[in-house]
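Working notes, structure below.
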Amino acid sequence: MGYMCWSSEIAYSGGMARFAADVPTRGGFSFDLCQRNEMLLKKGNQLPTFRKTGTTIVGLVFEDGVILGADTRATEGPIVADKNCEKIHYMAPNIYCCGAGTAADTEAVTDMVSSQLQLHRYATGRESRVVTALTLLKSHLFSYQGHVSAALVLGGVDITGPHLHTVYPHGSTDTLPFATMGSGSLAAMAIFESKFREGLTGQTEYLRNHQLPNPRTYVSSRGYNFLKGHTEVLSTKITPLKSKVEAAAEVDEMEE
Amino acid sequence: MDIDLSAPHSMGTTIIGVTYNGGVVLGADSRTSTGMYVANRASDKITQLTDNVYICRSGSAADSQVISDYVRYFLHQHTIQLGQPATVKVAANLVRLLSYQNKNMLQMGVIVGGWDKYEGGQIYSVPLGGTILKQPFAIGGSGSAYLYGFFDQAWKEGMSKDEAEKLVVKAVSLAIARDGASGGVVRTVTINADGVTKNFYTGDSLPLWHEELEPHNSLLDILLASGSPEPMST
């Protein structure tokens, strides 16, 4: 009953400072630094921005399975922070998940559920099912009430067939034959709505950088030279790193 | 007009539950919106709780999905412990308890409907806040605002299954015509002693109401059908 204990956990951690250290730490958000953050904001400092992936992620169910697609641009405000980032995350050998929203949140939540799925595989001895990943993701996101900003397109093929789901930051899910998420979702959905039909065929493979729509065009074949004297050197300090060879100290054998 | 894609997923909806002699008919539209964008035009808002009890969800998609999941889990346990199918009253009260006790954190209005051997077909309304109200028919969601007058006039006790289903479909279709947050297809679930029947009615099978226009094929389809090359190739 994660979400029902939510408000009581906040009250609990607020009072933690007064108790002795024998109270064990609980999981979840720690609100200890909130006061300090507010003080800094009042002083005029600005909160660092999240790295958001302004993204297009899509998924499609076809004859024998599921296709997931994503762009590779990660932005920090108006700047492209990563030109070739990986938005299709591994969840299980038969399940992958595209993530849009805050990059850290999508990475963290997909990594976490991927580990949970692996443990579940060991415990059950079976291939993971897409609905398992879905339930783990939706309960985590719901209990954080939308603060974990991860919008996901989850797809995979398990013993019950191909599945495609969308998961929203507040924890709601939809099951669809084709789905798009992210800031580019409207454009992508326009294509799907006009061209999708049941019974499409395809093959399973991983095509990283399948298309490069914005390649770096001007690349000098002679390479780039940064001639001496073009940049002003203000000061020079050289610290030679001497390599030391030490005789290994006597090490005690580890006791059984 | 800026579409806010980070708005929480909500189902500005039309949901209806109606009793007839022998069971209940539940109906809903299929639109899930994120702000002004339709995130899912074919969602299924009538969710199963047990073999004989279904719930129509409206309000926050996440909240209503999670509550339905919890109630389904509790009812499953309850059925095992009881040794027979759970009653509609128990199902509705479980929804009500979760809804009332977490009223500060939840935003959902639901209609629970089903059939059991003790009381027959029953409809319970559990709106925002967690009230529970047993009614011969119930309407909910943003589209229901347009249906109060309609039901006052069109509802009658002791309808047959077909009459009830036609009433529900007509009502949802009227609400879709007037409510921007409702749309898509009309889904119905009929529950009685014989079991559960699910239907769905696409837009073109529904009558056109006042000032509604005939649907036109998209220009793209017309162009393609006439054999000319695609206007935009990939």
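Naming scheme: A, B, ... for chains in displayed order of the structure tokens; residues 1 onward per chain; ligands 1 onward as shown.
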Original post:
Got a sec to pull out which chain A residues are within 6 Å of chain B, counting only C-alpha atoms, and send them as a VMD selection string?
Top reply: chain A and resid 170 to 172
Original post:
Do you know which residues are at most 12 Å from stretch 134-141 of chain A counting only C-alpha atoms, after dropping those on the same chain fewer than 4 positions away, and could you put them as a PyMOL selection string?
Top reply: (chain A and resi 1-3+28+91+95-97+99+105-106+108-117+120+128-130+145-156+163-175) or (chain B and resi 61-63+65-67+69-70)
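Across A:Thr132, A:Gln35, A:Arg208, A:Leu47, the tightest approach to A:Ile88 is made by A:Arg208 when counting only C-alpha atoms.
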Subject >> Among listed residues A:Ser183, A:Thr124, A:Thr201, A:Asn209, nearest A:Glu86 (using only C-alpha atoms) >> reply: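 Looking at the shortest contact to A:Glu86, the residue is A:Asn209.
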Original post:
Would you give me, as a PyMOL selection string, the residues in stretch 103-244 of chain A that DSSP reads as strand (DSSP E)?
Top reply: chain A and resi 150-158+161-167+173-175+178-181
**OP:** For atom CA of B:Lys198 and atom CA of B:Gln81, determine how far apart the two atoms are, in Å to one decimal place.
**Re:**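 If I compute the distance from atom CA of B:Lys198 to atom CA of B:Gln81, I get 28.6 Å.
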Original post:
In Å, with one decimal, what is the gap from atom CA of A:Glu198 to atom CA of B:Thr202?
Top reply: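 Distance reported for this atom pair: 17.3 Å.
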**OP:** Please measure the separation of atom CA of A:Tyr90 and atom CA of A:Tyr144, giving the value in Å to one decimal.
**Re:**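 So the answer is 22.6 Å.
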**OP:** Would you list, as a ChimeraX atom specification, the residues of chain B that end up in helix (DSSP H, G or I) under DSSP run on this structure's backbone?
**Re:** /B:61-82,88-101,142-146,148-154,161-178,203-205,219-225
**OP:** List the neighbours of stretch 128-133 of chain B out to 8 Å using only C-alpha atoms; skip same-chain residues closer than 5 positions along the sequence, and give me the result as JSON, numbers by chain.
**Re:** {"B": [92, 93, 96, 97, 98, 99, 100, 101, 103, 107, 108, 109]}
**OP:** For B:Val169, please output as a ChimeraX atom specification all residues within 9 Å (counting only C-alpha atoms; exclusion window: fewer than 6 positions along the same chain).
**Re:** /B:27-28,186-188,201,206
Subject >> Spatial neighbours of B:Gly114, 7 Å, only C-alpha atoms, chain gap at least 4 places, as a ChimeraX atom specification >> reply: /B:24,52-54,88,121-123,191
Those selected residues, please, written with N, CA, C and O atoms and delivered as a JSON list (two decimals), in the first residue's frame.
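Writing done, so here's part36.json:
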```
[["chain", "number", "residue", "atom", "x", "y", "z"],
["B", 24, "VAL", "N", -27.67, -5.26, -15.24],
["B", 24, "VAL", "CA", -27.25, -3.86, -15.42],
["B", 24, "VAL", "C", -26.57, -3.70, -16.76],
["B", 24, "VAL", "O", -26.04, -4.65, -17.33],
["B", 52, "ASN", "N", -18.42, -10.89, -11.99],
["B", 52, "ASN", "CA", -19.79, -10.34, -12.05],
["B", 52, "ASN", "C", -19.88, -8.86, -11.67],
["B", 52, "ASN", "O", -20.98, -8.32, -11.61],
["B", 53, "VAL", "N", -18.76, -8.20, -11.43],
["B", 53, "VAL", "CA", -18.79, -6.78, -11.06],
["B", 53, "VAL", "C", -17.78, -6.01, -11.89],
["B", 53, "VAL", "O", -16.60, -6.38, -11.98],
["B", 54, "TYR", "N", -18.24, -4.91, -12.50],
["B", 54, "TYR", "CA", -17.37, -4.06, -13.30],
["B", 54, "TYR", "C", -17.44, -2.64, -12.75],
["B", 54, "TYR", "O", -18.39, -2.29, -12.05],
["B", 88, "VAL", "N", -22.06, -7.28, -5.21],
["B", 88, "VAL", "CA", -21.80, -5.95, -5.78],
["B", 88, "VAL", "C", -21.66, -4.93, -4.66],
["B", 88, "VAL", "O", -20.83, -4.02, -4.73],
["B", 121, "GLY", "N", -29.33, -7.19, -10.23],
["B", 121, "GLY", "CA", -28.50, -6.13, -10.81],
["B", 121, "GLY", "C", -28.50, -4.90, -9.91],
["B", 121, "GLY", "O", -29.56, -4.49, -9.44],
["B", 122, "GLN", "N", -27.33, -4.34, -9.63],
["B", 122, "GLN", "CA", -27.25, -3.13, -8.79],
["B", 122, "GLN", "C", -26.24, -2.15, -9.36],
["B", 122, "GLN", "O", -25.23, -2.57, -9.94],
["B", 123, "ILE", "N", -26.52, -0.87, -9.15],
["B", 123, "ILE", "CA", -25.59, 0.20, -9.56],
["B", 123, "ILE", "C", -25.30, 1.03, -8.32],
["B", 123, "ILE", "O", -26.22, 1.46, -7.63],
["B", 191, "ILE", "N", -24.27, -6.97, -17.71],
["B", 191, "ILE", "CA", -24.03, -8.03, -16.72],
["B", 191, "ILE", "C", -25.37, -8.53, -16.20],
["B", 191, "ILE", "O", -26.21, -7.74, -15.76]]
```
